[in-house]
Every structure is written in C-alpha cells, then in structure tokens.
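Q: So I've got this file, upload.txt, and it contains compact mmCIF, C-alpha atoms:
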```txt
# COMPACT_ATOMS: atom_id res chain seq x y z
CA MET Z 1 -183.40 -60.30 -164.38
CA LYS Z 2 -182.11 -56.98 -165.72
CA VAL Z 3 -178.68 -56.45 -167.27
CA SER Z 4 -177.12 -52.97 -167.64
CA LEU Z 5 -173.78 -52.18 -169.22
CA VAL Z 6 -171.38 -50.45 -166.80
CA TRP Z 7 -168.29 -50.28 -169.05
CA SER Z 8 -166.82 -51.94 -172.14
CA SER Z 9 -163.49 -51.80 -173.99
CA PRO Z 10 -163.37 -48.81 -176.33
CA TYR Z 11 -163.66 -49.53 -180.08
CA PRO Z 12 -164.16 -53.29 -179.54
CA GLU Z 13 -164.00 -54.38 -183.18
CA LYS Z 14 -160.83 -52.35 -183.79
CA THR Z 15 -159.31 -53.74 -180.58
CA ILE Z 16 -159.95 -57.31 -181.77
CA ALA Z 17 -158.42 -56.38 -185.13
CA VAL Z 18 -155.31 -54.97 -183.39
CA ALA Z 19 -154.85 -58.31 -181.57
CA MET Z 20 -155.22 -60.22 -184.85
CA ARG Z 21 -152.80 -58.04 -186.76
CA ARG Z 22 -150.27 -58.21 -183.88
CA CYS Z 23 -149.89 -61.95 -184.62
CA TYR Z 24 -149.04 -61.47 -188.29
CA SER Z 25 -147.25 -58.11 -188.46
CA THR Z 26 -143.70 -57.12 -187.50
CA LYS Z 27 -144.66 -53.42 -187.52
CA PRO Z 28 -144.86 -51.21 -184.41
CA ILE Z 29 -148.33 -50.86 -182.87
CA GLU Z 30 -148.75 -47.29 -184.18
CA ASP Z 31 -148.40 -48.56 -187.76
CA ILE Z 32 -150.96 -51.32 -187.14
CA GLU Z 33 -153.38 -48.78 -185.66
CA ALA Z 34 -152.86 -46.42 -188.61
CA GLU Z 35 -153.39 -49.28 -191.08
CA LEU Z 36 -156.64 -50.33 -189.35
CA GLU Z 37 -157.86 -46.73 -189.22
CA GLN Z 38 -157.12 -46.25 -192.89
CA LYS Z 39 -158.79 -49.51 -194.01
CA GLY Z 40 -161.84 -48.82 -191.82
CA PRO Z 41 -164.73 -50.89 -190.35
CA GLU Z 42 -165.18 -53.13 -193.40
CA TYR Z 43 -161.67 -54.48 -192.85
CA TRP Z 44 -162.25 -54.95 -189.08
CA LYS Z 45 -165.38 -56.88 -190.03
CA TYR Z 46 -163.38 -59.06 -192.45
CA LEU Z 47 -160.81 -59.88 -189.74
CA LEU Z 48 -163.47 -60.59 -187.11
CA SER Z 49 -165.46 -62.85 -189.42
CA LYS Z 50 -162.25 -64.75 -190.21
CA ALA Z 51 -161.53 -65.22 -186.48
CA LEU Z 52 -165.06 -66.51 -185.87
CA GLN Z 53 -164.95 -68.77 -188.92
CA ASP Z 54 -161.54 -70.25 -187.96
CA LYS Z 55 -162.67 -70.48 -184.32
CA SER Z 56 -159.61 -68.40 -183.36
CA LEU Z 57 -161.61 -67.01 -180.47
CA ASP Z 58 -158.58 -65.95 -178.38
CA VAL Z 59 -158.59 -62.53 -180.05
CA LEU Z 60 -162.10 -61.89 -178.67
CA GLU Z 61 -160.63 -61.99 -175.15
CA HIS Z 62 -159.35 -58.43 -175.55
CA PHE Z 63 -162.92 -57.08 -175.69
CA VAL Z 64 -164.06 -56.85 -172.05
CA LEU Z 65 -167.50 -55.98 -170.64
CA THR Z 66 -168.60 -55.08 -167.11
CA LEU Z 67 -172.30 -55.41 -166.31
CA GLU Z 68 -174.64 -54.74 -163.44
CA THR Z 69 -177.12 -57.61 -163.15
CA GLU Z 70 -180.20 -57.09 -160.98
CA GLY Z 71 -182.77 -59.63 -159.86
CA ALA Z 72 -180.65 -62.77 -160.34
CA ALA Z 73 -180.92 -65.49 -157.70
CA GLU Z 74 -177.74 -66.71 -156.05
CA ALA Z 75 -178.34 -70.27 -157.34
CA GLU Z 76 -178.70 -68.99 -160.89
CA VAL Z 77 -175.46 -66.98 -160.70
CA GLY Z 78 -173.67 -69.89 -158.99
CA LEU Z 79 -174.57 -72.14 -161.89
CA LEU Z 80 -173.12 -69.63 -164.38
CA ILE Z 81 -169.86 -69.22 -162.43
CA ARG Z 82 -169.34 -72.98 -162.18
CA ALA Z 83 -169.95 -73.49 -165.90
CA PHE Z 84 -168.02 -70.41 -167.05
CA PRO Z 85 -164.97 -69.86 -164.80
CA TYR Z 86 -163.82 -66.74 -166.66
CA LEU Z 87 -166.99 -64.90 -165.64
CA ARG Z 88 -165.96 -62.62 -162.74
CA VAL Z 89 -168.74 -61.92 -160.26
CA THR Z 90 -169.08 -59.76 -157.14
CA GLN Z 91 -172.29 -59.65 -155.12
CA LEU Z 92 -173.67 -56.13 -154.66
CA GLY Z 93 -176.92 -57.00 -152.85
CA GLN Z 94 -179.18 -59.98 -152.26
CA SER Z 95 -179.88 -60.47 -155.97
CA ASP Z 96 -177.64 -57.78 -157.52
CA TRP Z 97 -174.25 -58.49 -159.06
CA LEU Z 98 -171.29 -56.87 -160.75
CA MET Z 99 -170.16 -59.15 -163.60
CA THR Z 100 -167.15 -58.90 -165.90
CA LEU Z 101 -166.53 -61.14 -168.88
CA ASN Z 102 -164.83 -61.01 -172.24
CA ALA Z 103 -166.42 -61.45 -175.65
CA ARG Z 104 -165.12 -65.01 -175.97
CA THR Z 105 -166.97 -66.01 -172.79
CA LEU Z 106 -170.03 -64.17 -174.09
CA VAL Z 107 -169.97 -66.22 -177.32
CA GLU Z 108 -169.52 -69.41 -175.28
CA LEU Z 109 -172.44 -68.47 -173.00
CA TRP Z 110 -174.54 -67.76 -176.09
CA LYS Z 111 -173.89 -71.21 -177.53
CA ASP Z 112 -174.51 -73.07 -174.26
CA PRO Z 113 -178.04 -73.83 -172.99
CA ARG Z 114 -176.86 -73.04 -169.43
CA GLY Z 115 -175.81 -69.51 -170.39
CA ASN Z 116 -177.91 -68.69 -173.40
CA SER Z 117 -180.72 -66.73 -171.73
CA PHE Z 118 -178.17 -64.57 -169.84
CA ALA Z 119 -176.16 -64.05 -173.06
CA GLU Z 120 -179.37 -63.04 -174.89
CA MET Z 121 -179.91 -60.30 -172.29
CA VAL Z 122 -176.30 -59.09 -172.61
CA ALA Z 123 -176.58 -59.11 -176.42
CA SER Z 124 -179.78 -57.10 -176.31
CA GLU Z 125 -178.21 -54.55 -173.91
CA LEU Z 126 -175.16 -54.24 -176.20
CA SER Z 127 -177.43 -53.73 -179.18
CA ARG Z 128 -179.58 -51.14 -177.30
CA ARG Z 129 -176.39 -49.21 -176.41
CA GLY Z 130 -174.91 -49.59 -179.91
CA VAL Z 131 -171.63 -50.77 -178.41
CA CYS Z 132 -170.37 -53.25 -181.00
CA PRO Z 133 -172.68 -53.51 -184.03
CA ILE Z 134 -170.22 -55.49 -186.19
CA PHE Z 135 -169.39 -57.95 -183.41
CA SER Z 136 -173.07 -58.44 -182.53
CA GLN Z 137 -174.02 -59.04 -186.13
CA LEU Z 138 -171.27 -61.59 -186.74
CA ALA Z 139 -171.04 -63.37 -183.38
CA PHE Z 140 -174.73 -63.89 -182.88
CA GLU Z 141 -175.34 -64.72 -186.53
CA VAL Z 142 -173.02 -67.75 -186.19
CA ARG Z 143 -175.47 -69.43 -183.84
CA THR Z 144 -178.51 -68.49 -185.95
CA ASN Z 145 -176.89 -70.14 -188.96
CA ALA Z 146 -175.87 -73.21 -186.99
CA SER Z 147 -179.25 -73.81 -185.35
CA MET G 1 -138.27 -52.82 -174.82
CA ARG G 2 -141.34 -50.64 -175.22
CA VAL G 3 -144.70 -51.02 -173.44
CA ARG G 4 -147.94 -49.15 -174.12
CA LEU G 5 -151.21 -49.27 -172.20
CA LEU G 6 -153.85 -49.51 -174.95
CA TYR G 7 -156.87 -49.20 -172.65
CA HIS G 8 -158.03 -49.79 -169.10
CA THR G 9 -161.38 -50.10 -167.37
CA ASP G 10 -162.90 -46.82 -166.24
CA LEU G 11 -162.77 -47.22 -162.47
CA GLU G 12 -165.20 -44.30 -162.04
CA ALA G 13 -167.94 -46.27 -163.87
CA ILE G 14 -167.60 -49.11 -161.34
CA LYS G 15 -167.47 -46.67 -158.41
CA ARG G 16 -170.74 -45.10 -159.60
CA VAL G 17 -172.50 -48.50 -159.46
CA LEU G 18 -171.13 -49.14 -155.97
CA ALA G 19 -172.23 -45.67 -154.81
CA GLN G 20 -175.76 -46.23 -156.17
CA LYS G 21 -175.95 -49.42 -154.09
CA GLY G 22 -174.59 -47.64 -151.01
CA ILE G 23 -171.45 -49.81 -151.00
CA ALA G 24 -168.16 -48.24 -149.89
CA PHE G 25 -165.31 -48.56 -152.40
CA ASP G 26 -162.98 -51.44 -151.55
CA PRO G 27 -160.12 -52.24 -153.98
CA GLU G 28 -160.14 -55.98 -153.10
CA PRO G 29 -163.32 -57.13 -154.94
CA VAL G 30 -162.96 -54.45 -157.63
CA MET G 31 -159.60 -55.92 -158.75
CA ASP G 32 -161.46 -58.70 -160.57
CA HIS G 33 -163.36 -56.21 -162.71
CA VAL G 34 -160.66 -53.73 -163.74
CA PHE G 35 -158.86 -54.79 -166.92
CA TYR G 36 -155.79 -53.47 -168.73
CA MET G 37 -154.70 -54.15 -172.31
CA PHE G 38 -150.97 -53.67 -172.94
CA GLU G 39 -148.80 -53.92 -176.02
CA VAL G 40 -145.18 -55.00 -175.52
CA GLU G 41 -142.50 -54.59 -178.19
CA ASP G 42 -138.95 -55.85 -178.50
CA CYS G 43 -138.52 -57.99 -175.46
CA SER G 44 -136.93 -61.40 -175.96
CA ARG G 45 -138.74 -64.72 -176.29
CA VAL G 46 -136.89 -65.74 -173.11
CA THR G 47 -139.04 -63.22 -171.30
CA THR G 48 -142.31 -64.06 -173.06
CA HIS G 49 -141.78 -67.76 -172.15
CA GLN G 50 -141.67 -66.60 -168.52
CA LEU G 51 -144.58 -64.21 -169.04
CA VAL G 52 -147.01 -66.80 -170.43
CA ARG G 53 -146.63 -68.87 -167.27
CA HIS G 54 -149.07 -66.29 -165.85
CA ARG G 55 -152.11 -68.03 -167.23
CA ALA G 56 -155.10 -65.89 -166.30
CA VAL G 57 -154.07 -63.48 -169.05
CA SER G 58 -155.08 -63.21 -172.73
CA TYR G 59 -152.06 -63.05 -175.05
CA ASP G 60 -151.66 -62.58 -178.79
CA GLN G 61 -148.04 -62.69 -179.94
CA GLU G 62 -146.23 -62.04 -183.21
CA SER G 63 -145.97 -65.36 -185.01
CA GLN G 64 -142.63 -66.61 -186.33
CA ARG G 65 -144.57 -68.76 -188.80
CA PHE G 66 -145.35 -65.63 -190.78
CA SER G 67 -142.83 -62.92 -189.87
CA ALA G 68 -139.18 -63.15 -190.89
CA ALA G 69 -136.34 -62.95 -188.34
CA THR G 70 -133.59 -60.32 -188.69
CA ARG G 71 -130.04 -60.28 -187.32
CA GLU G 72 -130.74 -56.92 -185.64
CA GLY G 73 -133.83 -58.26 -183.90
CA MET G 74 -131.99 -59.96 -181.02
CA VAL G 75 -131.67 -58.98 -177.35
CA THR G 76 -128.21 -59.05 -175.75
CA PRO G 77 -128.22 -59.41 -171.94
CA PRO G 78 -126.10 -56.81 -170.05
CA SER G 79 -123.91 -59.56 -168.53
CA VAL G 80 -123.00 -60.70 -172.06
CA GLN G 81 -122.46 -57.14 -173.28
CA SER G 82 -120.02 -56.41 -170.49
CA ASN G 83 -118.05 -59.64 -170.95
CA GLU G 84 -115.54 -59.49 -173.79
CA THR G 85 -115.28 -63.27 -174.36
CA GLY G 86 -118.99 -63.80 -173.80
CA SER G 87 -119.92 -60.98 -176.12
CA LYS G 88 -117.71 -62.36 -178.91
CA ALA G 89 -119.13 -65.90 -178.53
CA TYR G 90 -122.70 -64.54 -178.46
CA ASP G 91 -122.20 -62.46 -181.57
CA GLU G 92 -120.55 -65.31 -183.50
CA ALA G 93 -123.36 -67.72 -182.58
CA LEU G 94 -126.12 -65.27 -183.55
CA THR G 95 -124.40 -64.45 -186.84
CA ALA G 96 -124.06 -68.16 -187.68
CA VAL G 97 -127.66 -68.94 -186.70
CA TYR G 98 -129.10 -66.02 -188.61
CA SER G 99 -127.03 -66.84 -191.68
CA ALA G 100 -128.32 -70.45 -191.61
CA TYR G 101 -131.91 -69.18 -191.19
CA GLU G 102 -131.52 -66.82 -194.14
CA ARG G 103 -130.01 -69.56 -196.33
CA MET G 104 -132.85 -71.94 -195.51
CA VAL G 105 -135.57 -69.37 -196.26
CA SER G 106 -133.82 -68.35 -199.53
CA ALA G 107 -133.68 -72.03 -200.49
CA GLY G 108 -137.44 -72.34 -200.04
CA VAL G 109 -137.71 -73.78 -196.52
CA PRO G 110 -140.94 -72.32 -195.05
CA LYS G 111 -140.35 -69.70 -192.32
CA GLU G 112 -142.40 -71.84 -189.94
CA ASP G 113 -139.78 -74.63 -190.26
CA ALA G 114 -136.65 -72.48 -190.59
CA ARG G 115 -137.58 -70.83 -187.27
CA TYR G 116 -136.69 -74.03 -185.39
CA ILE G 117 -133.11 -72.80 -185.44
CA LEU G 118 -133.84 -69.33 -184.04
CA PRO G 119 -132.59 -68.50 -180.52
CA SER G 120 -134.68 -67.34 -177.55
CA ALA G 121 -132.81 -64.01 -177.78
CA ILE G 122 -135.05 -63.03 -180.69
CA LYS G 123 -137.19 -59.93 -180.11
CA THR G 124 -140.96 -60.32 -180.16
CA LYS G 125 -144.14 -58.26 -179.90
CA LEU G 126 -147.43 -59.07 -178.19
CA VAL G 127 -150.67 -57.73 -176.77
CA MET G 128 -151.90 -58.87 -173.36
CA THR G 129 -155.16 -58.25 -171.49
CA LEU G 130 -155.53 -59.02 -167.80
CA ASN G 131 -157.33 -57.84 -164.71
CA ALA G 132 -155.81 -56.00 -161.76
CA ARG G 133 -155.73 -59.16 -159.61
CA SER G 134 -153.67 -61.08 -162.18
CA LEU G 135 -151.44 -58.08 -162.80
CA MET G 136 -150.77 -57.66 -159.09
CA HIS G 137 -149.73 -61.30 -158.84
CA LEU G 138 -147.45 -60.85 -161.87
CA VAL G 139 -145.92 -57.66 -160.45
CA TRP G 140 -145.44 -59.25 -157.03
CA GLN G 141 -143.62 -62.28 -158.45
CA ARG G 142 -141.68 -60.71 -161.29
CA THR G 143 -140.33 -57.62 -159.55
CA ALA G 144 -138.68 -59.86 -156.92
CA LEU G 145 -134.90 -59.76 -156.78
CA GLN G 146 -134.80 -63.44 -157.79
CA ALA G 147 -136.62 -62.63 -161.07
CA GLN G 148 -134.50 -62.15 -164.20
CA TRP G 149 -133.51 -58.62 -165.28
CA GLU G 150 -135.65 -58.45 -168.43
CA ILE G 151 -138.96 -59.61 -166.93
CA ARG G 152 -138.28 -57.40 -163.90
CA GLU G 153 -138.02 -54.45 -166.26
CA LEU G 154 -141.28 -55.50 -167.95
CA ALA G 155 -143.15 -56.06 -164.66
CA THR G 156 -141.93 -52.72 -163.29
CA THR G 157 -143.14 -50.93 -166.44
CA LEU G 158 -146.55 -52.69 -166.40
CA HIS G 159 -146.91 -51.76 -162.73
CA GLY G 160 -146.05 -48.11 -163.38
CA LEU G 161 -148.58 -47.79 -166.21
CA ALA G 162 -151.37 -49.51 -164.24
CA ARG G 163 -150.69 -47.45 -161.14
CA GLU G 164 -150.79 -44.23 -163.13
CA ALA G 165 -154.09 -45.25 -164.80
CA THR G 166 -155.89 -46.48 -161.66
CA PRO G 167 -153.96 -45.21 -158.61
CA GLU G 168 -156.67 -46.14 -156.09
CA LEU G 169 -156.26 -49.86 -156.85
CA TRP G 170 -152.51 -49.80 -156.42
CA ALA G 171 -152.21 -47.83 -153.20
CA LYS G 172 -151.42 -50.85 -151.04
CA ILE G 173 -149.16 -52.99 -153.20
CA ILE G 174 -145.45 -52.61 -152.61
CA GLU G 175 -143.06 -53.48 -155.40
CA ARG G 176 -140.39 -55.89 -154.23
```
Spell out the structure here as structure tokens.
A:
Amino acid sequence: MKVSLVWSSPYPEKTIAVAMRRCYSTKPIEDIEAELEQKGPEYWKYLLSKALQDKSLDVLEHFVLTLETEGAAEAEVGLLIRAFPYLRVTQLGQSDWLMTLNARTLVELWKDPRGNSFAEMVASELSRRGVCPIFSQLAFEVRTNAS
Amino acid sequence: MRVRLLYHTDLEAIKRVLAQKGIAFDPEPVMDHVFYMFEVEDCSRVTTHQLVRHRAVSYDQESQRFSAATREGMVTPPSVQSNETGSKAYDEALTAVYSAYERMVSAGVPKEDARYILPSAIKTKLVMTLNARSLMHLVWQRTALQAQWEIRELATTLHGLAREATPELWAKIIER
C-alpha cells in the first residue's frame, strides 16, 4: 500500500491553536491570529501538548488531510471505514482510493490495532513532506510513551 | 454578525489526482473531501443552539466558563426592535439580568455558575470545520423560509463564502 498526501490544512499547528484560543478568548479572530503569530511555534506547541494531555481532541478536528492511497484491497478499506466512520473514502480504481480524515481520526487510527499500520504510513508521509513537525512529534510520541 | 472563511480545501489538488486516474470531475463524490473552516462572531446563542444540531461538523465555541458577559454583547431581534412595548420589556429584562450577573461575579460567584442566569440573546464566537456535503445540507435546511432570520443570515453567508471559494461544487445547489 502507498499513501501520498494530496492536500492538508495550511499551518496545521497554528490552526489547532486558533481553535483552542477561540474557546477561551473574547477577542476578534484577527487579534487571536496576531497573538499566535507573535508568540510563535513554541506557544502553538504548548497549546497542542495541553490538548493532547487533557484529551481535548476536538481541536484536532480542524486539521484536515486528503490522501491518495494506492494498492489497498477493498476488504482492507472496508474494515477501516466501519471502524472509523469519520474517514471519508472514494474509490478511484480497483485498489486506489481518495481518503480524507482529520487529525483526531488519525490519532485514533494510530492508537487502534485495526488502523495503526495505515496511520503509520500517513505519519511517515507527513514527516517526509514536513507538513506538521510539531503535531507529529507530540501526537505520535503519546503512543510511544504509553506503550 | 461577522463570518470569515479561514481556509478551504484546494479543489485543484483533488482534480489533479482525478485527472491522473483518467476520472472525469464529478462534484458528487468530491463533496466529501472538500472542507471549509469558518469563524463566526457575534451571533446569538439562540442561533448556535440551532447550528450545533448539524452534527457532522467540528465546532469550538467561546466558553462562558472563562469569558465574562457584557451588557452590550446581546443580540436584539428585528421584531423586538420594531415593537415599542417589546423593545422596552426586552431592554429592562436584559439590564436586570446583566446587573444580577455582575453582582454575582463581583461577590465571588465563579463565572461558570453566574452564567446560568444569562439569556440566549448573548453574542458568541466560534470556529467550525465541515465538508461540502454537510455544508450543503446546512444551507439547504437553514436558508428555507421556515428557518429563523438569524440562522438564515448565517447560512446565506456561509453559502456565499463557500461558493466563491469553490464555485464548481456549488453550481447545482439552489438556495431556498
């Protein structure tokens, strides 16, 4: 099976931070964005690690990924869809698929034996493309520490 | 009310994959894969109660546990504004409620408990992320004449922003 990234939300860690700050701030969005820009990636990392620690995974849902998956059998994909209903799948060919999921579903796949090998491939593609280094470090570290 | 589209899926990236596979572009299956993230400011909690009934959407909303209410931060419906008696009653009630809220908070009642008295007219802010299929369902239901004025305004604005960002997906839908 081969997984290639088609598209992902821009600035994923900052996007997750915007969602977190929206819950606690009365300020307009432009002020939140300016605050996050000024405080920089270390602060986004702090917020993300807090969300993962508190298991407030809803904020991860704003980071969306679309993937092209080649060489995956229909039975294998069927199993994933049944176990993870928020994984959106469209068949492109006999064993080729367009898949869209959010980062919360990715973390859930990662932690589940039914989805782990697929999540490993997605994580490695994200890392190869340098899409979300802070997210990858924190989200996939959680499992390493727990296991 | 103010709405901003924070990002949306690049439809061209999906079209490239389809073209490589020799598949003609069809909006129907693509609707599951195109996502929009919006930020909404200063609509009432009446409207966000209606909004969150659309469940295949990710929401994060300003929490009243942590942010303080203000007397200015209330929505007044047009039918109340244009009714002299109604407008007076509305204003008196909001003034009384806000004054009680302020007294409780000043006396040390936590905001998360003082908020029990706050009305649904209070303005709120939220971010929401959803795909084109869910947004179309929302637009279809909430732009209907039977829908309430405030959520109709929100649904119409969401529709306009999504249509401008990804016109090919919205060619067929007709706003009610």
Q: Sort by chain and increasing residue number a table of all residues of chain G within 8 Å of chain Z, each with its closest pair of atoms and their distance in Å to one decimal, counting all atoms listed in the file, and write it as JSON lines.
A:
```
{"residue": "G:Tyr7", "atom": "CA", "partner": "Z:Ser9", "partner_atom": "CA", "distance": 7.2}
{"residue": "G:His8", "atom": "CA", "partner": "Z:Ser9", "partner_atom": "CA", "distance": 7.6}
{"residue": "G:Thr9", "atom": "CA", "partner": "Z:Trp7", "partner_atom": "CA", "distance": 7.1}
{"residue": "G:Asp10", "atom": "CA", "partner": "Z:Trp7", "partner_atom": "CA", "distance": 7.0}
{"residue": "G:Ala13", "atom": "CA", "partner": "Z:Val6", "partner_atom": "CA", "distance": 6.2}
{"residue": "G:Ile14", "atom": "CA", "partner": "Z:Val6", "partner_atom": "CA", "distance": 6.8}
{"residue": "G:Val17", "atom": "CA", "partner": "Z:Val6", "partner_atom": "CA", "distance": 7.7}
{"residue": "G:Leu18", "atom": "CA", "partner": "Z:Leu92", "partner_atom": "CA", "distance": 7.6}
{"residue": "G:Lys21", "atom": "CA", "partner": "Z:Leu92", "partner_atom": "CA", "distance": 7.1}
{"residue": "G:Ile23", "atom": "CA", "partner": "Z:Leu92", "partner_atom": "CA", "distance": 7.6}
{"residue": "G:Pro29", "atom": "CA", "partner": "Z:Thr90", "partner_atom": "CA", "distance": 6.7}
{"residue": "G:Asp32", "atom": "CA", "partner": "Z:Arg88", "partner_atom": "CA", "distance": 6.4}
{"residue": "G:His33", "atom": "CA", "partner": "Z:Thr100", "partner_atom": "CA", "distance": 5.6}
{"residue": "G:Phe35", "atom": "CA", "partner": "Z:Val64", "partner_atom": "CA", "distance": 7.6}
{"residue": "G:Met37", "atom": "CA", "partner": "Z:His62", "partner_atom": "CA", "distance": 7.1}
{"residue": "G:Glu39", "atom": "CA", "partner": "Z:Ile29", "partner_atom": "CA", "distance": 7.5}
{"residue": "G:Glu41", "atom": "CA", "partner": "Z:Pro28", "partner_atom": "CA", "distance": 7.5}
{"residue": "G:Ser58", "atom": "CA", "partner": "Z:Glu61", "partner_atom": "CA", "distance": 6.2}
{"residue": "G:Tyr59", "atom": "CA", "partner": "Z:Asp58", "partner_atom": "CA", "distance": 7.9}
{"residue": "G:Asp60", "atom": "CA", "partner": "Z:Ala19", "partner_atom": "CA", "distance": 6.0}
{"residue": "G:Gln61", "atom": "CA", "partner": "Z:Cys23", "partner_atom": "CA", "distance": 5.1}
{"residue": "G:Glu62", "atom": "CA", "partner": "Z:Cys23", "partner_atom": "CA", "distance": 3.9}
{"residue": "G:Ser63", "atom": "CA", "partner": "Z:Cys23", "partner_atom": "CA", "distance": 5.2}
{"residue": "G:Phe66", "atom": "CA", "partner": "Z:Tyr24", "partner_atom": "CA", "distance": 6.1}
{"residue": "G:Ser67", "atom": "CA", "partner": "Z:Thr26", "partner_atom": "CA", "distance": 6.3}
{"residue": "G:Lys125", "atom": "CA", "partner": "Z:Arg22", "partner_atom": "CA", "distance": 7.3}
{"residue": "G:Leu126", "atom": "CA", "partner": "Z:Arg22", "partner_atom": "CA", "distance": 6.4}
{"residue": "G:Val127", "atom": "CA", "partner": "Z:Ala19", "partner_atom": "CA", "distance": 6.4}
{"residue": "G:Met128", "atom": "CA", "partner": "Z:His62", "partner_atom": "CA", "distance": 7.8}
{"residue": "G:Thr129", "atom": "CA", "partner": "Z:His62", "partner_atom": "CA", "distance": 5.8}
```
Q: Quick one: distance from CA of Pro27 in chain G to CA of Glu70 in chain Z in Å, one decimal?
A: 21.8 Å
Q: Measure the distance from CA of Val30 in chain G to CA of Pro113 in chain Z in Å and round it to one decimal.
A: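 Those two atoms sit 29.0 Å apart.
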Q: Residues within 12 Å of Leu52 in chain Z, please, as a PyMOL selection string. Count only C-alpha atoms; anything in the same chain fewer than 4 positions from it doesn't count.
A: chain Z and resi 16+20+45-48+56-60+103-104+107-108+135-143
Q: Just how far from CA of Leu158 in chain G is CA of Val57 in chain G, in Å to one decimal?
A: 13.4 Å
Q: From the list G:Leu135, G:Val80, G:Gln50, G:Thr70, which residue is nearest Gln148 in chain G when using all atoms listed in the file?
A: G:Gln50
Q: Pick out the closest residue to Arg163 in chain G from this set: G:Ala24, G:Pro77, G:Val139, G:Arg103. Count all atoms listed in the file.
A: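 Checking each of G:Ala24, G:Pro77, G:Val139, G:Arg103 against Arg163 in chain G, counting all atoms listed in the file, the winner is G:Val139.
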Q: Write out as a list in words which residues come within 12 Å of Glu72 in chain G when counting all atoms listed in the file, dropping same-chain ones fewer than 4 positions away.
A: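 Result of the neighbour search: Asp42, Ala68, Thr76, Asp91, Leu94, Thr95, Tyr98, Ala121, Ile122 and Lys123 of chain G.
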Q: Between Z:Lys55, Z:Lys14, Z:Lys50, Z:Arg114, single out the one closest to Glu76 in chain Z, counting only C-alpha atoms.
A: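 Counting only C-alpha atoms, the residue closest to Glu76 in chain Z is Z:Arg114.
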Q: From the options Z:Ser49, Z:Ala119, Z:Ala17, Z:Ala75, which residue's atoms come nearest to Ala34 in chain Z, counting only C-alpha atoms?
A: Z:Ala17
Q: For Ile117 in chain G, list every protein, DNA or RNA residue within 10 Å, evaluated using all atoms listed in the file, and leave out those in the same chain fewer than 3 positions away; present the list as a PDB file with C-alpha atoms, keeping the file's coordinate frame.
A:
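Written file, around_2.pdb:
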```pdb
ATOM      1  CA  VAL G  97    -127.660 -68.940-186.700  1.00  0.00           C
ATOM      2  CA  TYR G  98    -129.100 -66.020-188.610  1.00  0.00           C
ATOM      3  CA  ALA G 100    -128.320 -70.450-191.610  1.00  0.00           C
ATOM      4  CA  TYR G 101    -131.910 -69.180-191.190  1.00  0.00           C
ATOM      5  CA  ASP G 113    -139.780 -74.630-190.260  1.00  0.00           C
ATOM      6  CA  ALA G 114    -136.650 -72.480-190.590  1.00  0.00           C
ATOM      7  CA  SER G 120    -134.680 -67.340-177.550  1.00  0.00           C
TER       8      SER G 120
END
```
Q: List the spatial neighbours of Glu120 in chain Z as a PDB file with C-alpha atoms, in the coordinates of the input - criterion: any atom at most 10 Å away, only C-alpha atoms, same-chain residues fewer than 6 positions off excluded.
A:
```
ATOM      1  CA  LEU Z 106    -170.030 -64.170-174.090  1.00  0.00           C
ATOM      2  CA  LEU Z 109    -172.440 -68.470-173.000  1.00  0.00           C
ATOM      3  CA  TRP Z 110    -174.540 -67.760-176.090  1.00  0.00           C
ATOM      4  CA  LEU Z 126    -175.160 -54.240-176.200  1.00  0.00           C
ATOM      5  CA  PHE Z 140    -174.730 -63.890-182.880  1.00  0.00           C
TER       6      PHE Z 140
END
```
Q: Using only C-alpha atoms, can you tell me which of G:Lys15, G:Arg71, G:Arg45, G:His54 comes closest to Leu130 in chain G?
A: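 Answer, going by the shortest atom-to-atom distance: G:His54.
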